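Undergrad: Take a look at data08.cif, mmCIF, C-alpha atoms:
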```cif
data_my_file
#
loop_
_atom_site.label_atom_id
_atom_site.label_comp_id
_atom_site.auth_asym_id
_atom_site.auth_seq_id
_atom_site.Cartn_x
_atom_site.Cartn_y
_atom_site.Cartn_z
CA MET A 27 -127.86 47.55 13.66
CA LYS A 28 -124.22 48.64 13.38
CA ILE A 29 -121.80 45.79 12.79
CA GLU A 30 -118.01 45.96 12.85
CA PHE A 31 -116.66 44.07 9.85
CA ARG A 32 -113.08 42.84 10.07
CA TYR A 33 -111.46 42.38 6.67
CA HIS A 34 -108.69 39.80 6.43
CA GLY A 35 -105.86 39.02 4.02
CA LYS A 36 -106.44 40.17 0.47
CA LEU A 37 -109.77 41.82 1.41
CA SER A 38 -108.05 44.37 3.66
CA GLU A 39 -106.14 45.41 0.54
CA VAL A 40 -109.16 45.36 -1.79
CA LEU A 41 -111.16 47.51 0.66
CA GLY A 42 -108.24 49.66 1.80
CA ARG A 43 -108.80 49.05 5.52
CA ASN A 44 -108.74 46.32 8.19
CA SER A 45 -112.16 46.98 9.65
CA GLU A 46 -115.11 49.31 9.60
CA LYS A 47 -118.56 49.75 11.14
CA LEU A 48 -121.51 49.55 8.77
CA GLN A 49 -125.24 49.94 9.28
CA VAL A 50 -126.98 46.73 8.12
CA ASN A 51 -130.40 45.08 8.48
CA SER A 52 -129.85 41.42 7.52
CA GLN A 53 -130.93 38.71 9.95
CA ASN A 54 -128.90 35.86 8.47
CA ALA A 55 -125.52 35.36 6.83
CA GLY A 56 -126.78 34.89 3.27
CA ASP A 57 -128.64 38.18 3.36
CA LEU A 58 -125.73 39.91 5.06
CA ILE A 59 -123.38 38.83 2.25
CA ARG A 60 -125.73 40.36 -0.34
CA GLU A 61 -126.12 43.53 1.71
CA LEU A 62 -122.36 43.82 2.18
CA ILE A 63 -121.75 43.51 -1.57
CA LEU A 64 -124.28 46.31 -2.18
CA GLN A 65 -122.38 48.60 0.19
CA LYS A 66 -118.94 47.38 -0.94
CA PRO A 67 -119.12 46.65 -4.67
CA GLN A 68 -115.38 45.76 -4.72
CA LEU A 69 -116.39 42.52 -2.97
CA LYS A 70 -118.42 41.42 -5.98
CA GLU A 71 -115.37 40.10 -7.81
CA THR A 72 -113.92 38.25 -4.82
CA THR A 73 -114.69 35.01 -3.03
CA PHE A 74 -115.37 35.57 0.65
CA GLN A 75 -117.18 34.14 3.65
CA LEU A 76 -118.31 35.44 7.01
CA ALA A 77 -117.57 34.23 10.53
CA GLN A 78 -118.92 35.11 13.95
CA LYS A 79 -117.72 33.88 17.34
CA ASN A 80 -114.88 32.05 15.51
CA LYS A 81 -117.25 29.96 13.38
CA ILE A 82 -117.78 30.16 9.63
CA LEU A 83 -121.42 31.11 8.96
CA LYS A 84 -123.62 29.07 6.68
CA SER A 85 -126.11 30.99 4.56
CA GLU A 86 -129.08 30.39 6.88
CA ALA A 87 -127.17 31.13 10.14
CA PRO A 88 -128.65 34.01 12.16
CA ILE A 89 -126.49 37.07 12.83
CA GLU A 90 -126.05 37.32 16.61
CA GLU A 91 -122.84 39.29 17.04
CA LEU A 92 -121.79 42.86 16.36
CA ASP A 93 -118.33 41.69 15.20
CA ILE A 94 -118.11 39.81 11.94
CA ASP A 95 -114.98 38.46 10.23
CA VAL A 96 -114.85 38.70 6.45
CA PHE A 97 -112.45 36.10 5.07
CA PRO A 98 -110.98 35.55 1.62
CA PRO A 99 -109.95 31.92 0.89
CA PHE A 100 -107.50 30.61 3.50
CA SER A 101 -103.88 30.17 2.47
CA GLY A 102 -101.90 29.06 5.49
CA GLY A 103 -99.32 26.29 5.61
CA MET B 22 -66.38 -26.75 -1.18
CA LYS B 23 -65.96 -25.07 2.18
CA ILE B 24 -68.34 -22.19 2.81
CA GLU B 25 -68.27 -19.76 5.71
CA PHE B 26 -71.79 -19.32 7.05
CA ARG B 27 -72.52 -16.16 9.00
CA TYR B 28 -75.43 -16.54 11.42
CA HIS B 29 -77.38 -13.41 12.28
CA GLY B 30 -79.77 -12.31 15.03
CA LYS B 31 -81.64 -15.13 16.69
CA LEU B 32 -79.76 -17.77 14.65
CA SER B 33 -76.44 -16.91 16.27
CA GLU B 34 -78.11 -17.80 19.57
CA VAL B 35 -79.83 -20.95 18.27
CA LEU B 36 -76.54 -22.22 16.83
CA GLY B 37 -74.33 -20.89 19.62
CA ARG B 38 -71.96 -19.02 17.29
CA ASN B 39 -71.74 -16.13 14.82
CA SER B 40 -70.12 -18.04 11.97
CA GLU B 41 -68.55 -21.32 10.98
CA LYS B 42 -67.02 -23.06 7.96
CA LEU B 43 -68.87 -26.10 6.67
CA GLN B 44 -68.14 -28.54 3.85
CA VAL B 45 -71.09 -28.52 1.42
CA ASN B 46 -71.86 -29.70 -2.13
CA SER B 47 -75.00 -27.81 -3.18
CA GLN B 48 -74.94 -25.82 -6.41
CA ASN B 49 -77.99 -23.66 -5.70
CA ALA B 50 -79.61 -21.95 -2.72
CA GLY B 51 -82.58 -24.33 -2.38
CA ASP B 52 -80.29 -27.35 -2.14
CA LEU B 53 -77.95 -25.50 0.20
CA ILE B 54 -80.80 -24.76 2.59
CA ARG B 55 -81.67 -28.47 2.74
CA GLU B 56 -78.03 -29.44 3.18
CA LEU B 57 -77.59 -26.86 5.93
CA ILE B 58 -80.62 -28.19 7.83
CA LEU B 59 -79.15 -31.71 7.62
CA GLN B 60 -75.90 -30.51 9.22
CA LYS B 61 -77.63 -28.13 11.65
CA PRO B 62 -80.91 -29.73 12.74
CA GLN B 63 -81.61 -26.78 15.08
CA LEU B 64 -82.44 -24.78 11.93
CA LYS B 65 -85.39 -27.05 11.15
CA GLU B 66 -87.68 -25.21 13.54
CA THR B 67 -86.69 -21.73 12.38
CA THR B 68 -87.49 -19.52 9.41
CA PHE B 69 -84.36 -18.43 7.60
CA GLN B 70 -83.01 -17.31 4.24
CA LEU B 71 -79.60 -17.10 2.62
CA ALA B 72 -77.78 -14.15 1.05
CA GLN B 73 -74.60 -13.81 -0.96
CA LYS B 74 -72.92 -10.60 -2.13
CA ASN B 75 -75.55 -8.64 -0.16
CA LYS B 76 -78.47 -10.13 -2.07
CA ILE B 77 -81.15 -12.50 -0.79
CA LEU B 78 -80.94 -15.80 -2.73
CA LYS B 79 -83.95 -17.28 -4.45
CA SER B 80 -84.20 -21.06 -4.42
CA GLU B 81 -82.79 -21.53 -7.92
CA ALA B 82 -79.91 -19.04 -7.51
CA PRO B 83 -76.44 -20.57 -8.03
CA ILE B 84 -73.98 -20.49 -5.13
CA GLU B 85 -70.98 -18.43 -6.30
CA GLU B 86 -69.43 -17.17 -3.08
CA LEU B 87 -67.61 -18.77 -0.18
CA ASP B 88 -69.33 -16.40 2.31
CA ILE B 89 -73.03 -16.89 2.89
CA ASP B 90 -75.26 -14.92 5.28
CA VAL B 91 -77.93 -16.88 7.11
CA PHE B 92 -80.77 -14.55 8.16
CA PRO B 93 -83.75 -15.00 10.47
CA PRO B 94 -86.72 -12.67 9.70
CA PHE B 95 -85.67 -8.99 9.76
CA SER B 96 -86.79 -6.88 12.70
CA GLY B 97 -85.30 -3.43 12.32
CA GLY B 98 -87.08 -0.11 12.78
CA MET C 27 -67.98 5.51 -11.38
CA LYS C 28 -69.73 3.67 -8.59
CA GLU C 29 -71.75 5.86 -6.27
CA ALA C 30 -70.41 5.96 -2.71
CA ILE C 31 -72.75 4.08 -0.39
CA GLN C 32 -73.82 6.05 2.65
CA ASP C 33 -73.71 4.57 6.12
CA ILE C 34 -77.17 4.70 7.68
CA PHE C 35 -76.02 3.40 11.07
CA ILE C 36 -75.76 5.45 14.24
CA LYS C 37 -74.35 3.95 17.41
CA GLY C 38 -77.06 3.88 20.09
CA ALA C 39 -80.13 6.10 20.14
CA ILE C 40 -80.65 8.73 17.45
CA ARG C 41 -80.56 12.16 19.09
CA PRO C 42 -83.28 14.75 18.35
CA GLU C 43 -80.47 17.18 17.48
CA LEU C 44 -79.66 15.08 14.40
CA VAL C 45 -83.22 15.69 13.21
CA ALA C 46 -82.81 19.45 13.74
CA LYS C 47 -79.45 19.39 11.94
CA THR C 48 -80.88 17.48 8.99
CA ILE C 49 -83.81 19.91 8.69
CA ALA C 50 -81.48 22.92 8.93
CA GLY C 51 -79.32 21.38 6.20
CA HIS C 52 -82.15 21.99 3.72
CA GLU C 53 -82.60 25.71 4.39
CA SER C 54 -80.70 26.80 1.29
CA LYS C 55 -82.83 24.59 -0.97
CA THR C 56 -85.60 27.15 -1.40
CA ASP C 57 -87.51 25.06 -3.96
CA LEU C 58 -88.47 22.57 -1.25
CA GLY C 59 -91.94 23.08 0.15
CA ALA C 60 -92.53 19.96 2.20
CA HIS C 61 -90.71 17.55 4.50
CA ASP C 62 -92.16 14.44 6.06
CA ILE C 63 -90.25 12.75 8.86
CA PHE C 64 -90.78 9.35 10.43
CA LEU C 65 -89.25 8.56 13.80
CA GLY C 66 -89.43 5.15 15.44
CA ARG C 67 -88.99 4.89 19.18
CA VAL C 68 -88.19 1.86 21.35
CA ARG C 69 -91.38 1.07 23.25
CA SER C 70 -91.32 -0.44 26.73
CA ASP C 71 -93.85 -3.09 25.76
CA GLU C 72 -95.01 -5.43 28.47
CA ILE C 73 -94.75 -9.09 27.44
CA ASP C 74 -95.90 -11.79 29.89
CA GLY C 75 -95.57 -9.34 32.75
CA LYS C 76 -92.02 -8.31 31.84
CA LYS C 77 -91.16 -4.86 30.52
CA VAL C 78 -88.81 -4.15 27.62
CA ALA C 79 -85.94 -2.02 28.94
CA ALA C 80 -83.99 -1.69 25.67
CA ILE C 81 -83.47 -3.15 22.23
CA GLU C 82 -80.06 -4.24 21.02
CA PHE C 83 -79.76 -3.95 17.26
CA THR C 84 -77.33 -5.97 15.15
CA ALA C 85 -77.17 -5.97 11.36
CA GLN C 86 -75.38 -7.14 8.28
CA GLU C 87 -74.38 -3.53 7.91
CA GLU C 88 -72.86 -3.65 4.45
CA MET C 89 -75.96 -5.25 2.99
CA ALA C 90 -78.29 -2.96 4.95
CA ASN C 91 -76.49 0.09 3.56
CA SER C 92 -76.58 -1.22 0.02
CA MET C 93 -80.25 -2.21 0.32
CA SER C 94 -81.10 1.20 1.77
CA GLN C 95 -79.41 2.78 -1.27
CA GLU C 96 -81.47 0.53 -3.54
CA ILE C 97 -84.73 1.54 -1.81
CA GLN C 98 -83.74 5.20 -2.22
CA SER C 99 -83.09 4.78 -5.96
CA GLU C 100 -86.40 2.99 -6.46
CA SER C 101 -88.22 5.71 -4.51
CA PHE C 102 -86.67 8.54 -6.52
CA LYS C 103 -88.02 6.86 -9.64
CA ARG C 104 -91.44 6.25 -8.18
CA PHE C 105 -92.06 9.58 -6.41
CA ASP C 106 -91.20 13.19 -7.20
CA LEU C 107 -88.73 13.68 -4.34
CA GLU C 108 -85.76 15.99 -3.93
CA SER C 109 -84.09 14.12 -1.10
CA ILE C 110 -84.33 11.08 1.14
CA GLN C 111 -82.41 10.70 4.43
CA ILE C 112 -82.22 7.41 6.32
CA TYR C 113 -80.69 6.62 9.72
CA HIS C 114 -80.98 3.50 11.89
CA SER C 115 -79.52 2.69 15.29
CA ILE C 116 -77.01 -0.07 15.83
CA GLY C 117 -76.24 -1.41 19.31
CA ARG C 118 -78.29 -0.77 22.42
CA VAL C 119 -81.16 1.74 22.53
CA GLU C 120 -83.00 2.23 25.83
CA ALA C 121 -86.82 2.40 25.90
CA GLY C 122 -87.86 5.92 24.89
CA GLY C 123 -84.89 6.30 22.54
CA LEU C 124 -85.23 6.85 18.80
CA CYS C 125 -84.01 3.97 16.61
CA ILE C 126 -85.03 4.97 13.08
CA PHE C 127 -85.22 8.35 11.34
CA VAL C 128 -86.40 8.76 7.75
CA MET C 129 -86.94 12.14 6.11
CA VAL C 130 -88.25 12.85 2.60
CA SER C 131 -88.38 16.26 0.93
CA SER C 132 -90.25 17.51 -2.09
CA GLY C 133 -91.73 20.61 -3.67
CA HIS C 134 -95.23 19.73 -2.51
CA ARG C 135 -96.81 17.79 0.30
CA GLN C 136 -98.75 15.14 -1.61
CA GLN C 137 -95.54 13.44 -2.75
CA VAL C 138 -93.93 13.24 0.69
CA PHE C 139 -97.11 11.83 2.25
CA GLU C 140 -97.19 9.06 -0.35
CA ALA C 141 -93.49 8.32 -0.33
CA LEU C 142 -92.68 8.16 3.38
CA PRO C 143 -94.92 5.24 4.46
CA HIS C 144 -93.76 3.30 1.41
CA ILE C 145 -90.08 3.87 2.18
CA VAL C 146 -90.43 3.02 5.89
CA ASN C 147 -92.28 -0.21 5.04
CA GLU C 148 -89.62 -1.19 2.50
CA LEU C 149 -86.82 -0.51 4.99
CA LYS C 150 -88.50 -2.65 7.66
CA ALA C 151 -89.05 -5.48 5.18
CA ARG C 152 -85.70 -5.47 3.37
CA LEU C 153 -82.94 -4.28 5.70
CA PRO C 154 -81.10 -7.16 7.44
CA ILE C 155 -81.36 -5.67 10.91
CA PHE C 156 -82.18 -7.71 14.02
CA GLY C 157 -83.62 -6.44 17.27
CA LYS C 158 -83.10 -8.23 20.59
CA GLU C 159 -85.57 -7.04 23.22
CA ILE C 160 -83.88 -6.88 26.61
CA PHE C 161 -86.27 -7.04 29.56
CA GLU C 162 -85.81 -5.26 32.87
CA ASP C 163 -84.79 -8.58 34.48
CA LYS C 164 -82.00 -8.95 31.85
CA SER C 165 -83.73 -11.84 30.06
CA HIS C 166 -84.44 -11.28 26.37
CA GLN C 167 -86.43 -12.29 23.32
CA TRP C 168 -85.91 -11.65 19.63
CA LYS C 169 -88.07 -8.90 18.21
CA VAL C 170 -90.59 -9.89 15.54
CA ASN C 171 -91.92 -7.26 13.12
CA LYS C 172 -95.58 -7.44 12.22
CA MET D 7 -113.97 23.53 33.17
CA LYS D 8 -113.10 24.78 29.73
CA GLU D 9 -109.87 23.44 28.30
CA ALA D 10 -107.20 26.08 27.82
CA ILE D 11 -106.68 26.77 24.13
CA GLN D 12 -103.08 26.50 23.02
CA ASP D 13 -101.47 29.15 20.87
CA ILE D 14 -100.15 27.59 17.69
CA PHE D 15 -98.49 30.79 16.43
CA ILE D 16 -94.77 31.43 16.31
CA LYS D 17 -93.41 34.79 15.25
CA GLY D 18 -91.39 34.39 12.03
CA ALA D 19 -89.84 31.14 10.82
CA ILE D 20 -90.10 27.98 12.90
CA ARG D 21 -86.61 26.97 14.00
CA PRO D 22 -85.43 23.35 13.57
CA GLU D 23 -84.52 23.43 17.28
CA LEU D 24 -88.22 23.57 18.15
CA VAL D 25 -88.65 20.28 16.30
CA ALA D 26 -85.77 18.72 18.28
CA LYS D 27 -87.21 20.07 21.54
CA THR D 28 -90.67 18.70 20.75
CA ILE D 29 -89.24 15.27 19.92
CA ALA D 30 -87.12 15.25 23.06
CA GLY D 31 -90.21 16.16 25.08
CA HIS D 32 -91.62 12.70 24.32
CA GLU D 33 -88.66 10.67 25.58
CA SER D 34 -90.30 9.76 28.87
CA LYS D 35 -93.42 8.44 27.13
CA THR D 36 -92.01 4.98 26.53
CA ASP D 37 -95.28 3.60 25.13
CA LEU D 38 -94.87 5.71 21.99
CA GLY D 39 -93.44 3.81 19.05
CA ALA D 40 -93.94 6.20 16.15
CA HIS D 41 -93.83 9.89 15.34
CA ASP D 42 -94.69 11.45 12.01
CA ILE D 43 -93.74 15.07 11.40
CA PHE D 44 -94.80 17.39 8.62
CA LEU D 45 -92.82 20.55 7.93
CA GLY D 46 -93.85 23.16 5.38
CA ARG D 47 -91.21 25.49 3.98
CA VAL D 48 -91.60 28.79 2.12
CA ARG D 49 -90.64 28.09 -1.50
CA SER D 50 -89.03 30.74 -3.69
CA ASP D 51 -91.48 30.02 -6.52
CA GLU D 52 -90.97 31.95 -9.72
CA ILE D 53 -94.19 33.61 -10.94
CA ASP D 54 -94.11 35.57 -14.22
CA GLY D 55 -90.35 35.91 -13.95
CA LYS D 56 -90.42 37.21 -10.36
CA LYS D 57 -89.13 35.19 -7.42
CA VAL D 58 -90.87 34.88 -4.06
CA ALA D 59 -88.53 36.26 -1.40
CA ALA D 60 -90.78 35.73 1.62
CA ILE D 61 -94.33 35.14 2.77
CA GLU D 62 -96.01 37.40 5.30
CA PHE D 63 -98.66 35.54 7.28
CA THR D 64 -101.61 37.17 8.99
CA ALA D 65 -104.46 35.35 10.71
CA GLN D 66 -107.57 35.63 12.77
CA GLU D 67 -105.47 34.11 15.53
CA GLU D 68 -108.18 33.43 18.08
CA MET D 69 -110.28 31.52 15.56
CA ALA D 70 -107.24 29.71 14.13
CA ASN D 71 -106.30 28.51 17.62
CA SER D 72 -109.83 27.39 18.42
CA MET D 73 -110.17 25.66 15.02
CA SER D 74 -106.83 23.94 15.49
CA GLN D 75 -108.08 22.64 18.85
CA GLU D 76 -111.25 21.39 17.14
CA ILE D 77 -109.23 19.55 14.47
CA GLN D 78 -107.14 17.97 17.23
CA SER D 79 -110.24 16.75 19.11
CA GLU D 80 -111.73 15.30 15.93
CA SER D 81 -108.45 13.57 15.10
CA PHE D 82 -108.11 12.01 18.56
CA LYS D 83 -111.54 10.48 18.03
CA ARG D 84 -110.80 9.29 14.51
CA PHE D 85 -107.24 7.93 14.96
CA ASP D 86 -105.47 6.09 17.77
CA LEU D 87 -103.05 8.90 18.66
CA GLU D 88 -101.25 9.78 21.87
CA SER D 89 -100.39 13.36 20.97
CA ILE D 90 -100.72 16.02 18.29
CA GLN D 91 -98.54 19.16 18.14
CA ILE D 92 -99.30 22.07 15.82
CA TYR D 93 -97.29 25.23 15.12
CA HIS D 94 -97.73 27.87 12.41
CA SER D 95 -95.74 30.99 11.64
CA ILE D 96 -97.21 34.47 11.90
CA GLY D 97 -95.50 37.48 10.31
CA ARG D 98 -92.70 37.33 7.77
CA VAL D 99 -90.91 34.10 6.83
CA GLU D 100 -88.09 34.26 4.27
CA ALA D 101 -87.87 31.71 1.46
CA GLY D 102 -86.27 28.55 2.89
CA GLY D 103 -87.82 29.11 6.31
CA LEU D 104 -90.26 26.69 7.93
CA CYS D 105 -93.81 28.00 8.35
CA ILE D 106 -95.79 24.97 9.59
CA PHE D 107 -94.87 22.09 11.90
CA VAL D 108 -97.27 19.27 12.75
CA MET D 109 -96.26 16.20 14.75
CA VAL D 110 -98.40 13.18 15.62
CA SER D 111 -97.40 10.36 17.95
CA SER D 112 -98.81 6.89 18.48
CA GLY D 113 -97.92 3.41 19.60
CA HIS D 114 -97.58 2.16 16.05
CA ARG D 115 -96.72 3.63 12.66
CA GLN D 116 -99.89 2.84 10.70
CA GLN D 117 -101.91 5.32 12.73
CA VAL D 118 -99.48 8.23 12.37
CA PHE D 119 -99.20 7.71 8.61
CA GLU D 120 -102.98 7.88 8.26
CA ALA D 121 -103.50 10.76 10.67
CA LEU D 122 -100.84 13.25 9.61
CA PRO D 123 -101.92 13.94 5.99
CA HIS D 124 -105.51 14.24 7.19
CA ILE D 125 -104.60 16.74 9.91
CA VAL D 126 -102.39 18.85 7.63
CA ASN D 127 -105.13 19.00 4.99
CA GLU D 128 -107.72 20.03 7.58
CA LEU D 129 -105.45 22.75 8.96
CA LYS D 130 -104.83 24.18 5.47
CA ALA D 131 -108.55 24.12 4.71
CA ARG D 132 -109.96 25.40 7.99
CA LEU D 133 -107.47 27.76 9.66
CA PRO D 134 -108.10 31.44 8.85
CA ILE D 135 -104.51 32.20 7.91
CA PHE D 136 -103.52 34.36 4.95
CA GLY D 137 -100.22 34.37 3.12
CA LYS D 138 -98.94 37.37 1.18
CA GLU D 139 -96.14 36.42 -1.20
CA ILE D 140 -93.54 39.16 -1.30
CA PHE D 141 -91.36 39.16 -4.44
CA GLU D 142 -87.73 40.15 -4.61
CA ASP D 143 -88.74 43.50 -6.20
CA LYS D 144 -91.00 44.19 -3.16
CA SER D 145 -94.23 43.74 -5.15
CA HIS D 146 -96.61 41.11 -3.83
CA GLN D 147 -99.52 38.80 -4.53
CA TRP D 148 -101.88 36.93 -2.24
CA LYS D 149 -101.06 33.25 -1.88
CA VAL D 150 -103.68 30.79 -3.12
CA ASN D 151 -103.71 27.22 -1.74
CA LYS D 152 -104.48 24.46 -4.23
#
```
Using the file provided, produce a representation of the structure as structure tokens.
TA:
Amino acid sequence: MKIEFRYHGKLSEVLGRNSEKLQVNSQNAGDLIRELILQKPQLKETTFQLAQKNKILKSEAPIEELDIDVFPPFSGG
Amino acid sequence: MKIEFRYHGKLSEVLGRNSEKLQVNSQNAGDLIRELILQKPQLKETTFQLAQKNKILKSEAPIEELDIDVFPPFSGG
Amino acid sequence: MKEAIQDIFIKGAIRPELVAKTIAGHESKTDLGAHDIFLGRVRSDEIDGKKVAAIEFTAQEEMANSMSQEIQSESFKRFDLESIQIYHSIGRVEAGGLCIFVMVSSGHRQQVFEALPHIVNELKARLPIFGKEIFEDKSHQWKVNK
Amino acid sequence: MKEAIQDIFIKGAIRPELVAKTIAGHESKTDLGAHDIFLGRVRSDEIDGKKVAAIEFTAQEEMANSMSQEIQSESFKRFDLESIQIYHSIGRVEAGGLCIFVMVSSGHRQQVFEALPHIVNELKARLPIFGKEIFEDKSHQWKVNK
């Protein structure tokens, strides 16, 4: 399936864009993180997490959406 | 000696005035409290403390001023 | 030289604009990262079926100001604060009106969160201020702090 | 019916007048005795000899608003509060400007003192907001919360 990844904060700088569509096969978040790092090796050195439908995804959470947020650590306030 | 007692808050109501001069003999605050209750029996039923030069007086503190504040419990804020 | 003692008292209710003004007064201090503000409001408590319409505050003002200064000095020693502001109403404040305003400022938030409750508790315990609760039927009782 | 989700975001610095307005908005609620307000300010920290001139905030705004709502609901269950107000800046805020404003209100002070630090910590930890620290020489680094 083709998922649109939205890169936030520092990650948009590291990856040189705010979003992109990538072909992936993972069924859950843990696998998707590993797959994303394979396609985007720049992510290896960073801390990041995924969210779908405005919820942070735990490792075992199934991927159900075609839009996924990719977040570096939060730094509001 | 003649001391001017200044009654605050509820005490001004209990005693019907804001201040008055009274002849007293006590050398420290503990004795003065007892002497004051003798002259003003209405104070017997109330909780109060004395202050001089803007400081609360402990029982053993010597009386050095001719102006003494008589305070009910504080209730600011 | 003796430090000038500030007057914490404001006649009647404290206006929200004073809070805005006090916050704006810190804009040039760009090393401050955190402010914590406490505001106390006169509640229209119901006591034995009668509602509090206002509180009338009296005080031994000179001692309250000097004690407030003392609490500030102690708090500067105890916490890492850049500034402490204290205001208290004197005279009549209607229910809904603000009667106490305390603001602490620091580089980081942990310090202000620790300092503010401590300072407010000290002020309540040590400032010779007296509240008279006036009911809607004009009768009254003397406020007791818990 | 789904509750409408409030927008916590304010473009640029939060003005002290918003704080005054929010306080004044509670005047008719005469059962409120205590407000506690946290304000975060952009500090001009010096890092390796360079001074922070501003922070540019971006966010996943929809998620931040929904998460902020979630934190409010949790806090209403956990503490005895009458109201919680949350605002956060989006876009550029110069050093000295306010970038977060949280206000909690309750009948008594103990509850607001417990609730506010908890809420501010939760917001910092759970809202997808990202700060980019812009130095005076226009270079930048990504803010890291401790």
Undergrad: So what do you get for atom CA of Gly37 of chain B versus atom CA of Ala82 of chain B, distance-wise?
TA: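 Rounded to one decimal, the two atoms are 27.8 Å apart.
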Undergrad: Considering all atoms listed in the file, can you say which of A:Asn80, A:Glu90, A:Ser52, A:Val96 comes closest to chain D?
TA: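 Using all atoms listed in the file, the shortest distance to chain D belongs to A:Asn80.
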Undergrad: Find the residues of chain D in contact range of chain A, meaning any atom within 12 Å when counting only C-alpha atoms, and list them as a PyMOL selection string.
TA: chain D and resi 15+19-20+44-49+61-74+76+92-97+99+103-108+125-139+146-152
Undergrad: I would like the residues chosen by the PyMOL selection byres ((chain B and resi 55) around 12) on the shown file; could you give them as a list in words?
TA: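 Here the PyMOL selection byres ((chain B and resi 55) around 12) matches Val45, Asn46, Ser47, Gln48, Asn49, Ala50, Gly51, Asp52, Leu53, Ile54, Glu56, Leu57, Ile58, Leu59, Gln60, Lys61, Pro62, Leu64, Lys65, Phe69, Gln70, Leu71 and Ser80 of chain B.
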Undergrad: Can you write out as a tab-separated table which residues of chain C fall within 6 Å of chain D, alongside each residue's closest atom pair and its distance in Å to one decimal, counting only C-alpha atoms and ordering rows by chain and ascending residue number?
TA:
```
residue	atom	partner	partner_atom	distance
C:Pro42	CA	D:Ala26	CA	4.7
C:Glu43	CA	D:Ala26	CA	5.6
C:Ala46	CA	D:Pro22	CA	4.7
C:Glu53	CA	D:Gly102	CA	4.9
C:Thr56	CA	D:Gly102	CA	4.6
C:Asp57	CA	D:Arg49	CA	5.0
C:Leu58	CA	D:Arg49	CA	5.9
C:Gly59	CA	D:Arg47	CA	4.6
C:Ala60	CA	D:Gly46	CA	4.7
C:His61	CA	D:Leu45	CA	5.0
C:Asp62	CA	D:Phe44	CA	4.7
C:Ile63	CA	D:Ile43	CA	4.9
C:Phe64	CA	D:Asp42	CA	4.7
C:Leu65	CA	D:His41	CA	5.0
C:Gly66	CA	D:Ala40	CA	4.7
C:Arg67	CA	D:Gly39	CA	4.6
C:Arg69	CA	D:Asp37	CA	5.0
C:Ser70	CA	D:Thr36	CA	5.5
C:Ala121	CA	D:Thr36	CA	5.8
C:Gly122	CA	D:Thr36	CA	4.6
```
Undergrad: Please, what distance in Å, to one decimal, runs between atom CA of Arg98 of chain D and atom CA of Asp13 of chain D?
TA: 17.8 Å
Undergrad: One decimal, in Å: what's the spacing between atom CA of Gln95 of chain C and atom CA of Gln111 of chain C?
TA: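 These atoms are spaced 10.2 Å apart.
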Undergrad: Closest to Gln98 of chain C among C:Gln137, C:Asp74, C:Ile31, C:Lys164, using all atoms listed in the file?
TA: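 Closest to Gln98 of chain C, using all atoms listed in the file: C:Ile31.
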Undergrad: Assuming the chain letters and numbering stay as they are in my file, what does the PyMOL selection byres ((chain B and resi 25) around 8) actually select? List them as a list in words.
TA: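 For this structure, the PyMOL selection byres ((chain B and resi 25) around 8) resolves to Lys23, Ile24, Phe26, Arg27, Ser40, Glu41, Lys42, Leu43, Leu87, Asp88 and Ile89 of chain B.
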